[in-house]
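Peer 1: Contents of data13.cif (mmCIF, C-alpha atoms) are given next:
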```cif
data_coords
#
loop_
_atom_site.label_atom_id
_atom_site.label_comp_id
_atom_site.auth_asym_id
_atom_site.auth_seq_id
_atom_site.Cartn_x
_atom_site.Cartn_y
_atom_site.Cartn_z
CA MET A 1178 -4.63 6.71 -88.90
CA GLU A 1179 -7.53 5.39 -86.84
CA VAL A 1180 -5.38 2.50 -85.59
CA ALA A 1181 -2.68 4.93 -84.45
CA LEU A 1182 -5.26 7.03 -82.58
CA LEU A 1183 -6.66 3.94 -80.91
CA GLU A 1184 -3.17 2.92 -79.87
CA ASP A 1185 -2.52 6.37 -78.43
CA GLU A 1186 -5.77 6.23 -76.43
CA LYS A 1187 -4.89 2.76 -75.23
CA PHE A 1188 -1.45 3.91 -74.05
CA LYS A 1189 -3.04 6.97 -72.47
CA ASP A 1190 -5.49 4.82 -70.50
CA PHE A 1191 -2.73 2.50 -69.34
CA ARG A 1192 -0.57 5.46 -68.37
CA LEU A 1193 -3.42 6.91 -66.33
CA MET A 1194 -3.97 3.54 -64.66
CA LEU A 1195 -0.27 3.20 -63.92
CA ASP A 1196 -0.09 6.77 -62.62
CA HIS A 1197 -3.05 6.05 -60.35
CA SER A 1198 -1.46 2.80 -59.13
CA LEU A 1199 1.86 4.57 -58.56
CA ASN A 1200 0.17 7.28 -56.53
CA SER A 1201 -1.64 4.64 -54.46
CA LEU A 1202 1.59 2.75 -53.90
CA LEU A 1203 3.44 5.92 -52.94
CA GLN A 1204 0.67 6.82 -50.51
CA GLU A 1205 0.83 3.34 -48.97
CA LYS A 1206 4.59 3.60 -48.75
CA GLU A 1207 4.25 6.99 -47.08
CA LYS A 1208 1.81 5.48 -44.59
CA LEU A 1209 4.16 2.55 -44.00
CA VAL A 1210 7.13 4.88 -43.45
CA ALA A 1211 5.02 6.95 -41.03
CA PHE A 1212 3.88 3.74 -39.28
CA HIS A 1213 7.46 2.50 -39.06
CA SER A 1214 8.63 5.88 -37.73
CA GLU A 1215 5.80 5.92 -35.20
CA LYS A 1216 6.62 2.42 -33.98
CA GLU A 1217 10.33 3.20 -33.77
CA MET A 1218 9.47 6.28 -31.73
CA LYS A 1219 7.20 4.15 -29.57
CA LYS A 1220 10.02 1.64 -29.05
CA LYS A 1221 12.33 4.45 -27.99
CA GLN A 1222 9.72 5.87 -25.63
CA LEU A 1223 9.03 2.44 -24.15
CA LYS A 1224 12.74 1.82 -23.56
CA GLU A 1225 13.15 5.24 -21.92
CA GLU A 1226 10.02 4.70 -19.82
CA ALA A 1227 11.17 1.20 -18.82
CA GLU A 1228 14.56 2.61 -17.83
CA GLN A 1229 12.86 5.28 -15.69
CA LEU A 1230 10.56 2.68 -14.14
CA SER A 1231 13.52 0.41 -13.46
CA GLN A 1232 15.26 3.31 -11.71
CA HIS A 1233 12.05 4.01 -9.78
CA ILE A 1234 11.87 0.35 -8.65
CA THR A 1235 15.52 0.47 -7.59
CA GLU A 1236 14.98 3.69 -5.63
CA GLU A 1237 11.87 2.36 -3.90
CA PHE A 1238 13.59 -0.86 -2.85
CA SER A 1239 16.73 1.07 -1.90
CA ARG A 1240 14.63 3.04 0.59
CA LEU A 1241 13.37 -0.22 2.05
CA HIS A 1242 16.87 -1.72 2.08
CA ARG A 1243 18.27 1.38 3.81
CA PHE A 1244 15.49 1.28 6.36
CA LEU A 1245 15.99 -2.43 7.07
CA THR A 1246 19.77 -2.04 7.21
CA MET A 1247 19.47 0.87 9.65
CA GLU A 1248 16.99 -1.08 11.77
CA GLU A 1249 19.29 -4.11 11.78
CA GLU A 1250 22.32 -2.02 12.73
CA SER A 1251 20.28 -0.22 15.41
CA LEU A 1252 19.14 -3.53 16.93
CA HIS A 1253 22.70 -4.93 16.87
CA LEU A 1254 23.90 -1.76 18.66
CA GLN A 1255 21.07 -1.96 21.22
CA LEU A 1256 21.83 -5.63 21.82
CA LYS A 1257 25.52 -4.82 22.31
CA GLU A 1258 24.69 -2.00 24.75
CA ASP A 1259 22.20 -4.17 26.64
CA LEU A 1260 24.74 -6.96 26.78
CA GLU A 1261 27.29 -4.55 28.29
CA VAL A 1262 24.73 -3.49 30.91
CA GLU A 1263 24.01 -7.13 31.74
CA LEU A 1264 27.70 -8.04 31.89
CA GLN A 1265 28.41 -5.01 34.11
CA THR A 1266 25.52 -6.00 36.38
CA ILE A 1267 26.81 -9.57 36.60
CA HIS A 1268 30.31 -8.22 37.29
CA GLN A 1269 28.92 -6.17 40.20
CA HIS A 1270 27.04 -9.22 41.45
CA LEU A 1271 30.24 -11.24 41.31
CA GLU A 1272 32.15 -8.56 43.24
CA VAL A 1273 29.51 -8.61 45.97
CA ALA A 1274 29.53 -12.39 45.96
CA SER A 1275 33.34 -12.45 46.14
CA LYS A 1276 33.37 -10.09 49.14
CA THR A 1277 30.62 -12.12 50.78
CA GLN A 1278 32.57 -15.30 50.15
CA THR A 1279 35.66 -13.78 51.78
CA LYS A 1280 33.61 -12.89 54.84
CA LEU A 1281 32.08 -16.37 54.88
CA ASP A 1282 35.48 -18.05 54.62
CA GLY A 1283 36.73 -15.96 57.56
CA ALA A 1284 33.61 -16.71 59.59
CA ILE A 1285 33.82 -20.43 58.79
CA ALA A 1286 37.46 -20.55 59.91
CA LYS A 1287 36.60 -18.78 63.18
CA VAL A 1288 33.63 -21.04 63.90
CA GLU A 1289 35.71 -24.15 63.20
CA MET A 1290 38.46 -22.84 65.49
CA TYR A 1291 35.97 -22.16 68.30
CA LEU A 1292 34.54 -25.63 67.83
CA ARG A 1293 37.96 -27.22 68.16
CA CYS A 1294 39.01 -25.34 71.28
CA LEU A 1295 35.89 -24.05 72.92
CA THR A 1296 36.51 -23.21 76.59
CA SER A 1297 34.65 -21.31 79.26
CA GLU A 1298 36.99 -18.39 78.74
CA LEU A 1299 35.93 -18.17 75.06
CA LEU A 1300 32.18 -18.24 75.71
CA GLN A 1301 31.92 -14.43 75.76
CA ASP A 1302 33.86 -14.15 72.51
CA CYS A 1303 31.70 -16.92 71.02
CA LYS A 1304 28.53 -14.92 71.72
CA SER A 1305 30.00 -11.86 69.98
CA LEU A 1306 31.01 -14.06 67.01
CA LEU A 1307 27.49 -15.45 66.62
CA GLU A 1308 26.03 -11.92 66.62
CA SER A 1309 28.55 -10.82 63.96
CA LEU A 1310 27.54 -13.72 61.71
CA ASP A 1311 24.07 -12.19 61.28
CA SER A 1312 25.54 -9.17 59.53
CA ILE A 1313 27.09 -11.44 56.89
CA PHE A 1314 23.68 -12.82 55.85
CA GLU A 1315 22.00 -9.40 55.81
CA GLY A 1316 23.87 -8.39 52.59
CA GLN A 1317 22.61 -11.18 50.31
CA TYR A 1318 24.16 -11.00 46.86
CA LYS A 1319 21.79 -10.51 43.89
CA THR A 1320 21.28 -13.02 41.09
CA GLU A 1321 18.48 -11.48 38.96
CA THR A 1322 19.26 -9.82 35.60
CA VAL A 1323 18.30 -6.26 34.62
CA ILE A 1324 17.30 -6.93 30.98
CA ASP A 1325 15.64 -10.05 29.57
CA LEU A 1326 17.66 -10.31 26.34
CA PRO A 1327 15.78 -13.29 24.82
CA GLY A 1328 12.44 -11.69 25.63
CA LYS A 1329 13.49 -8.43 24.05
CA TYR A 1330 15.28 -9.67 20.92
CA SER A 1331 13.75 -13.04 20.02
CA GLY A 1332 10.09 -11.98 20.00
CA PRO A 1333 8.04 -11.07 16.87
CA LEU A 1334 11.00 -9.16 15.45
CA GLN A 1335 9.84 -9.07 11.82
CA TYR A 1336 6.37 -7.88 12.81
CA ALA A 1337 7.80 -5.12 15.00
CA VAL A 1338 10.04 -3.92 12.14
CA TRP A 1339 7.14 -4.17 9.69
CA LYS A 1340 5.07 -1.87 11.92
CA LYS A 1341 7.93 0.62 11.97
CA MET A 1342 8.29 0.33 8.19
CA LYS A 1343 4.87 1.92 7.80
CA THR A 1344 6.46 5.26 8.72
CA ILE A 1345 8.39 5.32 5.41
CA ILE A 1346 5.67 3.96 3.13
CA HIS A 1347 4.56 6.49 0.51
CA PRO A 1348 1.85 6.91 -0.33
CA ASP A 1349 0.36 5.65 2.90
CA ILE A 1350 -3.13 4.17 2.66
CA GLU A 1351 -5.81 6.86 2.85
CA HIS A 1352 -8.41 6.52 5.61
CA LEU A 1353 -11.47 7.64 3.68
CA THR A 1354 -15.06 8.19 4.79
CA PHE A 1355 -18.19 8.38 2.65
CA ASP A 1356 -19.68 11.82 2.07
CA PRO A 1357 -23.40 11.86 3.07
CA LYS A 1358 -23.95 14.98 0.93
CA THR A 1359 -23.22 12.96 -2.22
CA ALA A 1360 -24.98 9.66 -1.42
CA ASN A 1361 -27.98 8.63 -3.51
CA ARG A 1362 -31.15 8.62 -1.40
CA TRP A 1363 -31.51 4.83 -1.86
CA LEU A 1364 -28.18 4.23 -0.15
CA SER A 1365 -27.64 3.56 3.56
CA LEU A 1366 -24.40 4.70 5.23
CA SER A 1367 -23.07 3.34 8.52
CA ASP A 1368 -22.64 5.64 11.52
CA ASP A 1369 -18.86 5.66 11.08
CA LEU A 1370 -19.32 6.53 7.35
CA ARG A 1371 -17.14 3.59 6.31
CA SER A 1372 -19.84 1.19 5.01
CA VAL A 1373 -22.49 1.63 2.34
CA ARG A 1374 -25.23 -0.58 0.95
CA GLU A 1375 -28.50 -0.27 -0.93
CA SER A 1376 -31.53 0.67 1.18
CA ASN A 1377 -35.09 -0.65 1.04
CA VAL A 1378 -36.33 2.77 2.02
CA GLU A 1379 -35.66 6.07 0.26
CA GLN A 1380 -33.86 8.46 2.60
CA ASN A 1381 -35.43 11.85 3.18
CA LEU A 1382 -32.46 13.97 2.08
CA PRO A 1383 -32.14 17.33 0.31
CA ASP A 1384 -31.53 17.26 -3.44
CA ASN A 1385 -28.32 19.30 -3.29
CA SER A 1386 -26.02 19.69 -6.30
CA GLU A 1387 -23.47 17.17 -5.02
CA ARG A 1388 -25.96 14.32 -4.61
CA PHE A 1389 -26.28 11.52 -7.19
CA ASP A 1390 -29.99 11.39 -7.95
CA VAL A 1391 -30.33 8.34 -10.27
CA TYR A 1392 -27.59 5.78 -9.76
CA LEU A 1393 -26.65 4.19 -6.39
CA GLN A 1394 -23.45 6.21 -6.09
CA VAL A 1395 -21.46 8.12 -3.49
CA THR A 1396 -18.05 9.77 -3.19
CA SER A 1397 -15.68 10.10 -0.26
CA SER A 1398 -15.50 13.31 1.75
CA GLN A 1399 -11.80 13.53 0.89
CA GLY A 1400 -10.73 14.86 -2.50
CA PHE A 1401 -7.26 15.21 -4.00
CA GLN A 1402 -5.98 18.06 -6.15
CA SER A 1403 -2.31 17.04 -6.20
CA GLY A 1404 0.12 14.35 -5.11
CA GLN A 1405 0.02 10.56 -4.89
CA HIS A 1406 -2.76 8.76 -3.05
CA TYR A 1407 -3.81 5.15 -2.47
CA TRP A 1408 -7.02 3.76 -0.98
CA GLU A 1409 -8.75 0.40 -0.73
CA VAL A 1410 -12.39 -0.63 -0.72
CA GLU A 1411 -13.73 -4.03 0.31
CA VAL A 1412 -16.32 -5.26 -2.20
CA GLY A 1413 -16.66 -8.62 -0.41
CA ASP A 1414 -19.22 -10.99 -1.91
CA ARG A 1415 -20.96 -8.34 -4.01
CA VAL A 1416 -21.32 -9.55 -7.61
CA ASN A 1417 -22.00 -6.08 -9.05
CA TRP A 1418 -20.08 -2.95 -8.17
CA VAL A 1419 -18.35 0.12 -9.62
CA VAL A 1420 -15.37 1.94 -8.10
CA GLY A 1421 -13.02 4.65 -9.27
CA ALA A 1422 -12.77 8.44 -9.19
CA VAL A 1423 -14.77 11.44 -10.35
CA ARG A 1424 -13.77 15.04 -10.93
CA GLU A 1425 -15.35 17.68 -8.74
CA SER A 1426 -17.30 19.38 -11.55
CA ALA A 1427 -18.75 16.18 -13.05
CA CYS A 1428 -22.52 16.13 -13.46
CA ARG A 1429 -24.23 13.96 -10.85
CA LYS A 1430 -27.78 14.28 -12.09
CA GLY A 1431 -29.76 12.21 -14.56
CA TYR A 1432 -28.78 9.28 -16.77
CA GLY A 1433 -25.69 10.86 -18.30
CA ILE A 1434 -22.82 8.80 -19.69
CA GLN A 1435 -20.20 8.31 -17.00
CA LYS A 1436 -16.99 8.11 -19.03
CA PRO A 1437 -13.58 9.84 -18.82
CA GLU A 1438 -14.77 12.65 -21.10
CA ALA A 1439 -17.55 13.31 -18.54
CA GLY A 1440 -15.14 13.21 -15.60
CA PHE A 1441 -15.59 9.59 -14.46
CA TRP A 1442 -12.80 7.00 -14.35
CA THR A 1443 -14.19 3.68 -13.14
CA ILE A 1444 -14.01 -0.08 -13.40
CA ARG A 1445 -16.96 -2.38 -12.82
CA CYS A 1446 -17.78 -5.98 -11.99
CA CYS A 1447 -20.81 -7.44 -13.78
CA ASN A 1448 -22.42 -10.47 -12.13
CA ASN A 1449 -18.97 -11.81 -11.23
CA LYS A 1450 -18.67 -12.86 -14.89
CA TYR A 1451 -16.62 -10.11 -16.47
CA TYR A 1452 -14.76 -6.97 -15.47
CA MET A 1453 -14.71 -3.80 -17.51
CA ALA A 1454 -13.00 -0.42 -17.47
CA ASP A 1455 -15.46 2.33 -18.42
CA ASP A 1456 -12.98 3.88 -20.84
CA SER A 1457 -13.67 5.20 -24.33
CA PRO A 1458 -14.12 2.64 -25.79
CA PRO A 1459 -14.84 0.25 -22.85
CA VAL A 1460 -12.13 -2.32 -22.11
CA VAL A 1461 -12.98 -5.80 -20.83
CA PHE A 1462 -10.18 -7.45 -18.82
CA LYS A 1463 -9.75 -10.81 -17.14
CA VAL A 1464 -8.99 -11.60 -13.52
CA ASN A 1465 -7.69 -14.93 -12.19
CA GLU A 1466 -10.07 -14.82 -9.24
CA CYS A 1467 -12.81 -12.45 -8.11
CA PRO A 1468 -11.16 -9.74 -6.01
CA LYS A 1469 -12.63 -9.09 -2.57
CA LYS A 1470 -10.81 -5.81 -2.14
CA ILE A 1471 -9.88 -3.20 -4.76
CA GLY A 1472 -6.88 -0.90 -4.40
CA ILE A 1473 -6.86 2.42 -6.28
CA TYR A 1474 -3.76 4.55 -6.86
CA LEU A 1475 -3.92 8.17 -8.03
CA ASP A 1476 -0.88 10.06 -9.27
CA HIS A 1477 -2.42 13.47 -9.93
CA GLU A 1478 0.67 15.06 -11.52
CA ARG A 1479 1.47 12.13 -13.83
CA GLY A 1480 -2.19 11.74 -14.81
CA MET A 1481 -2.57 8.11 -13.75
CA LEU A 1482 -5.38 6.26 -12.02
CA SER A 1483 -4.55 2.57 -11.49
CA PHE A 1484 -6.63 -0.29 -10.11
CA TYR A 1485 -5.39 -3.41 -8.32
CA SER A 1486 -6.76 -6.57 -6.83
CA ALA A 1487 -5.58 -5.45 -3.40
CA GLY A 1488 -4.98 -8.91 -1.87
CA PRO A 1489 -2.15 -10.03 -4.18
CA MET A 1490 -1.68 -6.45 -5.54
CA VAL A 1491 -2.31 -7.58 -9.12
CA HIS A 1492 -2.68 -4.71 -11.60
CA LEU A 1493 -6.09 -4.57 -13.29
CA TYR A 1494 -6.23 -1.39 -15.36
CA THR A 1495 -4.82 2.15 -15.62
CA PHE A 1496 -6.47 5.32 -16.92
CA HIS A 1497 -4.21 8.04 -18.33
CA HIS A 1498 -5.62 11.54 -18.15
CA SER A 1499 -4.43 15.08 -17.42
CA PHE A 1500 -6.21 15.89 -14.18
CA THR A 1501 -6.85 19.62 -13.84
CA GLU A 1502 -9.14 19.75 -10.80
CA THR A 1503 -9.91 18.01 -7.53
CA VAL A 1504 -10.58 14.28 -7.89
CA TYR A 1505 -12.82 12.37 -5.46
CA PRO A 1506 -12.84 8.61 -4.81
CA PHE A 1507 -16.08 7.21 -6.23
CA PHE A 1508 -18.18 4.17 -5.27
CA CYS A 1509 -21.28 2.42 -6.51
CA PRO A 1510 -22.36 -0.67 -4.49
CA CYS A 1511 -25.11 -1.41 -7.05
CA SER A 1512 -27.96 -3.72 -6.09
CA ASN A 1513 -26.75 -6.97 -4.49
CA GLU A 1514 -29.52 -8.59 -2.52
CA GLY A 1515 -28.26 -10.20 0.70
CA ALA A 1516 -24.63 -9.26 0.08
CA THR A 1517 -22.30 -7.69 2.64
CA ALA A 1518 -21.87 -3.91 2.61
CA MET A 1519 -19.19 -2.20 0.56
CA ARG A 1520 -16.62 -1.02 3.11
CA LEU A 1521 -13.71 1.41 3.09
CA PHE A 1522 -10.54 -0.27 4.36
CA HIS A 1523 -8.49 1.39 7.11
CA LEU A 1524 -5.09 -0.09 7.87
CA ARG A 1525 -4.30 0.18 11.57
CA LEU A 1526 -1.04 -1.06 13.10
#
```
Give the structure from the file, written as structure tokens.
Peer 2:
Amino acid sequence: MEVALLEDEKFKDFRLMLDHSLNSLLQEKEKLVAFHSEKEMKKKQLKEEAEQLSQHITEEFSRLHRFLTMEEESLHLQLKEDLEVELQTIHQHLEVASKTQTKLDGAIAKVEMYLRCLTSELLQDCKSLLESLDSIFEGQYKTETVIDLPGKYSGPLQYAVWKKMKTIIHPDIEHLTFDPKTANRWLSLSDDLRSVRESNVEQNLPDNSERFDVYLQVTSSQGFQSGQHYWEVEVGDRVNWVVGAVRESACRKGYGIQKPEAGFWTIRCCNNKYYMADDSPPVVFKVNECPKKIGIYLDHERGMLSFYSAGPMVHLYTFHHSFTETVYPFFCPCSNEGATAMRLFHLRL
């Protein structure tokens, strides 16, 4: 009887162990199914997003193609019209020349005749003939052209079209200026408010709510509450810097954490050794060469803030966030002894 009870307990223990293992396996399977479903959904989303982006690329280049095609057709039409003007001018010159030649031929024949049979009786007529010859030379035919076709159409054609192309570029580059009301008192701004660098002397400025009081930081005067915007900042030979955007209500006082949850979206360069996005958690990324100019693109509605090495337009990092208030371009030149100033880039054509 005791042996049977022991056997029952043994089976009971094994059953419990098997039940526990089965439950664990079922839970793992459930997790795996959920993981598989999530990844399949992600694949579908990525394909749909890639298709939309492909369409976006096509549309953007189609705008450029249409612009270039229209410019090309316009130039061909202008050239044709200018050619017609030139040909008409030359035709008029030829008509004048033809009439002049007819007069000259008649005058030459008369002069030759007088030379062959010049008599005293013809002297009076000869004097009248010589006076009439002057009128022939008064109406000189023209040889100059009205339009210099090579000068007009073989110059820096691509550059001229490129300058015109700026009228269809969207978003156009923003011409920002630094906001003195936000600048830390150990920062020095240029008179045109386009350059900033650390100062050896603390500025005597009011401690208003917009001003950064601890870190060497400043925003632009221009803020964006909707739309698409792009700006560039020259970091030059500075080995430490921070650039990005900040929401209007973000705290600018003290040693607070400046992360997306606090309303800061920034990337930084640290001693020219590594580059980091101040995300949560921070993301370190590589660059092929130290960028001298950073481009920043804000799509307020889509919730995107992207960073580029602005020379080759190489993508560095993108923050994704639902922006609900005005966003201001943000800059921190840090301390870079002897380095050039951080400067806002203005494209002028």
Peer 1: Could you please determine the separation between atom CA of Ser1512 of chain A and atom CA of Gly1431 of chain A in Å, to one decimal place?
Peer 2: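 Taking atom CA of Ser1512 of chain A and atom CA of Gly1431 of chain A, their separation equals 18.1 Å.
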Peer 1: May I ask for the distance between atom CA of His1270 of chain A and atom CA of Ile1324 of chain A, given in Å to one decimal place?
Peer 2: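 It comes out at 14.5 Å.
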Peer 1: For this file, the PyMOL selection byres ((chain A and resi 1366) around 12) selects which residues, as an mmCIF file with C-alpha atoms, in the coordinates of the input?
Peer 2:
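File written: result24.cif
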```
data_model
loop_
_atom_site.group_PDB
_atom_site.id
_atom_site.type_symbol
_atom_site.label_atom_id
_atom_site.label_comp_id
_atom_site.auth_asym_id
_atom_site.auth_seq_id
_atom_site.Cartn_x
_atom_site.Cartn_y
_atom_site.Cartn_z
ATOM 1 C CA THR A 1354 -15.060 8.190 4.790
ATOM 2 C CA PHE A 1355 -18.190 8.380 2.650
ATOM 3 C CA ASP A 1356 -19.680 11.820 2.070
ATOM 4 C CA PRO A 1357 -23.400 11.860 3.070
ATOM 5 C CA LYS A 1358 -23.950 14.980 0.930
ATOM 6 C CA THR A 1359 -23.220 12.960 -2.220
ATOM 7 C CA ALA A 1360 -24.980 9.660 -1.420
ATOM 8 C CA ASN A 1361 -27.980 8.630 -3.510
ATOM 9 C CA ARG A 1362 -31.150 8.620 -1.400
ATOM 10 C CA TRP A 1363 -31.510 4.830 -1.860
ATOM 11 C CA LEU A 1364 -28.180 4.230 -0.150
ATOM 12 C CA SER A 1365 -27.640 3.560 3.560
ATOM 13 C CA SER A 1367 -23.070 3.340 8.520
ATOM 14 C CA ASP A 1368 -22.640 5.640 11.520
ATOM 15 C CA ASP A 1369 -18.860 5.660 11.080
ATOM 16 C CA LEU A 1370 -19.320 6.530 7.350
ATOM 17 C CA ARG A 1371 -17.140 3.590 6.310
ATOM 18 C CA SER A 1372 -19.840 1.190 5.010
ATOM 19 C CA VAL A 1373 -22.490 1.630 2.340
ATOM 20 C CA ARG A 1374 -25.230 -0.580 0.950
ATOM 21 C CA GLU A 1375 -28.500 -0.270 -0.930
ATOM 22 C CA SER A 1376 -31.530 0.670 1.180
ATOM 23 C CA GLN A 1380 -33.860 8.460 2.600
ATOM 24 C CA LEU A 1393 -26.650 4.190 -6.390
ATOM 25 C CA GLN A 1394 -23.450 6.210 -6.090
ATOM 26 C CA VAL A 1395 -21.460 8.120 -3.490
ATOM 27 C CA THR A 1396 -18.050 9.770 -3.190
ATOM 28 C CA SER A 1397 -15.680 10.100 -0.260
ATOM 29 C CA PRO A 1510 -22.360 -0.670 -4.490
ATOM 30 C CA ALA A 1518 -21.870 -3.910 2.610
ATOM 31 C CA MET A 1519 -19.190 -2.200 0.560
ATOM 32 C CA ARG A 1520 -16.620 -1.020 3.110
ATOM 33 C CA LEU A 1521 -13.710 1.410 3.090
#
```
Peer 1: Can you work out the spacing between atom CA of Val1420 of chain A and atom CA of Ser1386 of chain A in Å, to one decimal?
Peer 2: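 Separation between atom CA of Val1420 of chain A and atom CA of Ser1386 of chain A: 20.8 Å.
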Peer 1: Would you kindly translate the PyMOL selection byres ((chain A and resi 1464) around 9) into the concrete residues it picks from this file, as an mmCIF file with C-alpha atoms, keeping the file's coordinate frame?
Peer 2:
```
data_model
loop_
_atom_site.group_PDB
_atom_site.id
_atom_site.type_symbol
_atom_site.label_atom_id
_atom_site.label_comp_id
_atom_site.auth_asym_id
_atom_site.auth_seq_id
_atom_site.Cartn_x
_atom_site.Cartn_y
_atom_site.Cartn_z
ATOM 1 C CA TYR A 1451 -16.620 -10.110 -16.470
ATOM 2 C CA TYR A 1452 -14.760 -6.970 -15.470
ATOM 3 C CA PHE A 1462 -10.180 -7.450 -18.820
ATOM 4 C CA LYS A 1463 -9.750 -10.810 -17.140
ATOM 5 C CA ASN A 1465 -7.690 -14.930 -12.190
ATOM 6 C CA GLU A 1466 -10.070 -14.820 -9.240
ATOM 7 C CA CYS A 1467 -12.810 -12.450 -8.110
ATOM 8 C CA PRO A 1468 -11.160 -9.740 -6.010
ATOM 9 C CA SER A 1486 -6.760 -6.570 -6.830
ATOM 10 C CA VAL A 1491 -2.310 -7.580 -9.120
ATOM 11 C CA LEU A 1493 -6.090 -4.570 -13.290
#
```
Peer 1: Could you expand the PyMOL selection byres ((chain A and resi 1478) around 7) into the explicit residues it covers here, written as an MDAnalysis selection string?
Peer 2: chainID A and resid 1403:1404 1476:1477 1479:1480
Peer 1: How would the residues just chosen look if you wrote them out with C-alpha atoms as a tab-separated table (two decimals), in the coordinates of the input?
Peer 2:
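Here's the written file out14.tsv:
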```tsv
chain	number	residue	atom	x	y	z
A	1403	SER	CA	-2.31	17.04	-6.20
A	1404	GLY	CA	0.12	14.35	-5.11
A	1476	ASP	CA	-0.88	10.06	-9.27
A	1477	HIS	CA	-2.42	13.47	-9.93
A	1479	ARG	CA	1.47	12.13	-13.83
A	1480	GLY	CA	-2.19	11.74	-14.81
```
Peer 1: Kindly provide, as a PyMOL selection string, the polymer residues lying within 9 Å of (-14.4, -0.3, -2.4), counting all atoms listed in the file and using the coordinates exactly as they appear in the file.
Peer 2: chain A and resi 1408-1413+1418-1421+1469-1473+1507-1510+1519-1522
Peer 1: Please list, as a short mmCIF file (atom, residue, chain, number, x, y, z; two decimals) with C-alpha atoms, keeping the file's coordinate frame, the residues that have an atom at most 10 Å away from (-21.7, -11.4, -13.2) in the coordinates of this file, counting only C-alpha atoms.
Peer 2:
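For reference, selection39.cif as written:
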```cif
data_model
loop_
_atom_site.label_atom_id
_atom_site.label_comp_id
_atom_site.auth_asym_id
_atom_site.auth_seq_id
_atom_site.Cartn_x
_atom_site.Cartn_y
_atom_site.Cartn_z
CA ARG A 1415 -20.96 -8.34 -4.01
CA VAL A 1416 -21.32 -9.55 -7.61
CA ASN A 1417 -22.00 -6.08 -9.05
CA TRP A 1418 -20.08 -2.95 -8.17
CA CYS A 1446 -17.78 -5.98 -11.99
CA CYS A 1447 -20.81 -7.44 -13.78
CA ASN A 1448 -22.42 -10.47 -12.13
CA ASN A 1449 -18.97 -11.81 -11.23
CA LYS A 1450 -18.67 -12.86 -14.89
CA TYR A 1451 -16.62 -10.11 -16.47
CA TYR A 1452 -14.76 -6.97 -15.47
#
```
Peer 1: For each of A:Leu1524, A:Ala1422, A:Cys1511, A:Ile1350, take the minimum atom-to-atom distance to His1498 of chain A, counting all atoms listed in the file, then give the residue where this is smallest.
Peer 2: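 Ranking A:Leu1524, A:Ala1422, A:Cys1511, A:Ile1350 by distance to His1498 of chain A, first place goes to A:Ala1422.
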Peer 1: For segment 1330-1354 of chain A versus segment 1240-1260 of chain A, which residues have an atom no more than 12 Å away, and what is each residue's nearest atom pair and distance in Å rounded to one decimal, using all atoms listed in the file, chain-then-number order, as a tab-separated table?
Peer 2:
```
residue	atom	partner	partner_atom	distance
A:Tyr1330	CA	A:Leu1256	CA	7.7
A:Ser1331	CA	A:Leu1256	CA	11.1
A:Leu1334	CA	A:Leu1252	CA	10.0
A:Gln1335	CA	A:Leu1245	CA	10.2
A:Ala1337	CA	A:Glu1248	CA	10.5
A:Val1338	CA	A:Glu1248	CA	7.5
A:Trp1339	CA	A:Leu1245	CA	9.4
A:Lys1340	CA	A:Glu1248	CA	11.9
A:Lys1341	CA	A:Glu1248	CA	9.2
A:Met1342	CA	A:Phe1244	CA	7.5
A:Lys1343	CA	A:Leu1241	CA	10.5
A:Thr1344	CA	A:Phe1244	CA	10.1
A:Ile1345	CA	A:Leu1241	CA	8.2
A:Ile1346	CA	A:Leu1241	CA	8.8
A:His1347	CA	A:Arg1240	CA	10.6
```
Peer 1: For Gln1402 of chain A, please output as a ChimeraX atom specification all residues within 7 Å (counting all atoms listed in the file; exclusion window: fewer than 2 positions along the same chain).
Peer 2: /A:1400,1477,1502-1504
Peer 1: Looking at A:Lys1208, A:Ser1309, A:Arg1429, A:Met1490, which one is nearest to Val1288 of chain A, with distances taken over all atoms listed in the file?
Peer 2: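 Checking each candidate against Val1288 of chain A, we get A:Ser1309 as the closest.
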Peer 1: Which neighbours of Ala1284 of chain A fall inside 9 Å, counting all atoms listed in the file, when residues of the same chain fewer than 2 positions from it are skipped, and could you give them as a short mmCIF file (atom, residue, chain, number, x, y, z; two decimals) with C-alpha atoms, keeping the file's coordinate frame?
Peer 2:
```
data_model
loop_
_atom_site.label_atom_id
_atom_site.label_comp_id
_atom_site.auth_asym_id
_atom_site.auth_seq_id
_atom_site.Cartn_x
_atom_site.Cartn_y
_atom_site.Cartn_z
CA THR A 1279 35.66 -13.78 51.78
CA LYS A 1280 33.61 -12.89 54.84
CA LEU A 1281 32.08 -16.37 54.88
CA ASP A 1282 35.48 -18.05 54.62
CA ALA A 1286 37.46 -20.55 59.91
CA LYS A 1287 36.60 -18.78 63.18
CA VAL A 1288 33.63 -21.04 63.90
CA GLU A 1289 35.71 -24.15 63.20
CA LEU A 1306 31.01 -14.06 67.01
CA SER A 1309 28.55 -10.82 63.96
CA LEU A 1310 27.54 -13.72 61.71
CA ILE A 1313 27.09 -11.44 56.89
#
```
Peer 1: Which of these, A:Tyr1407, A:Arg1424, A:Asn1200, A:Asn1377, has the shortest distance to Tyr1485 of chain A once you count all atoms listed in the file?
Peer 2: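 Using all atoms listed in the file, the shortest distance to Tyr1485 of chain A belongs to A:Tyr1407.
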Peer 1: Find the smallest box with edges along x, y and z containing every listed atom of segment 1500-1505 of chain A, then add 3 Å on each side and report centre and edge lengths in Å to one decimal, as lines of an AutoDock Vina configuration file.
Peer 2:
```
center_x = -9.5
center_y = 16.1
center_z = -9.8
size_x = 12.6
size_y = 13.4
size_z = 14.7
```
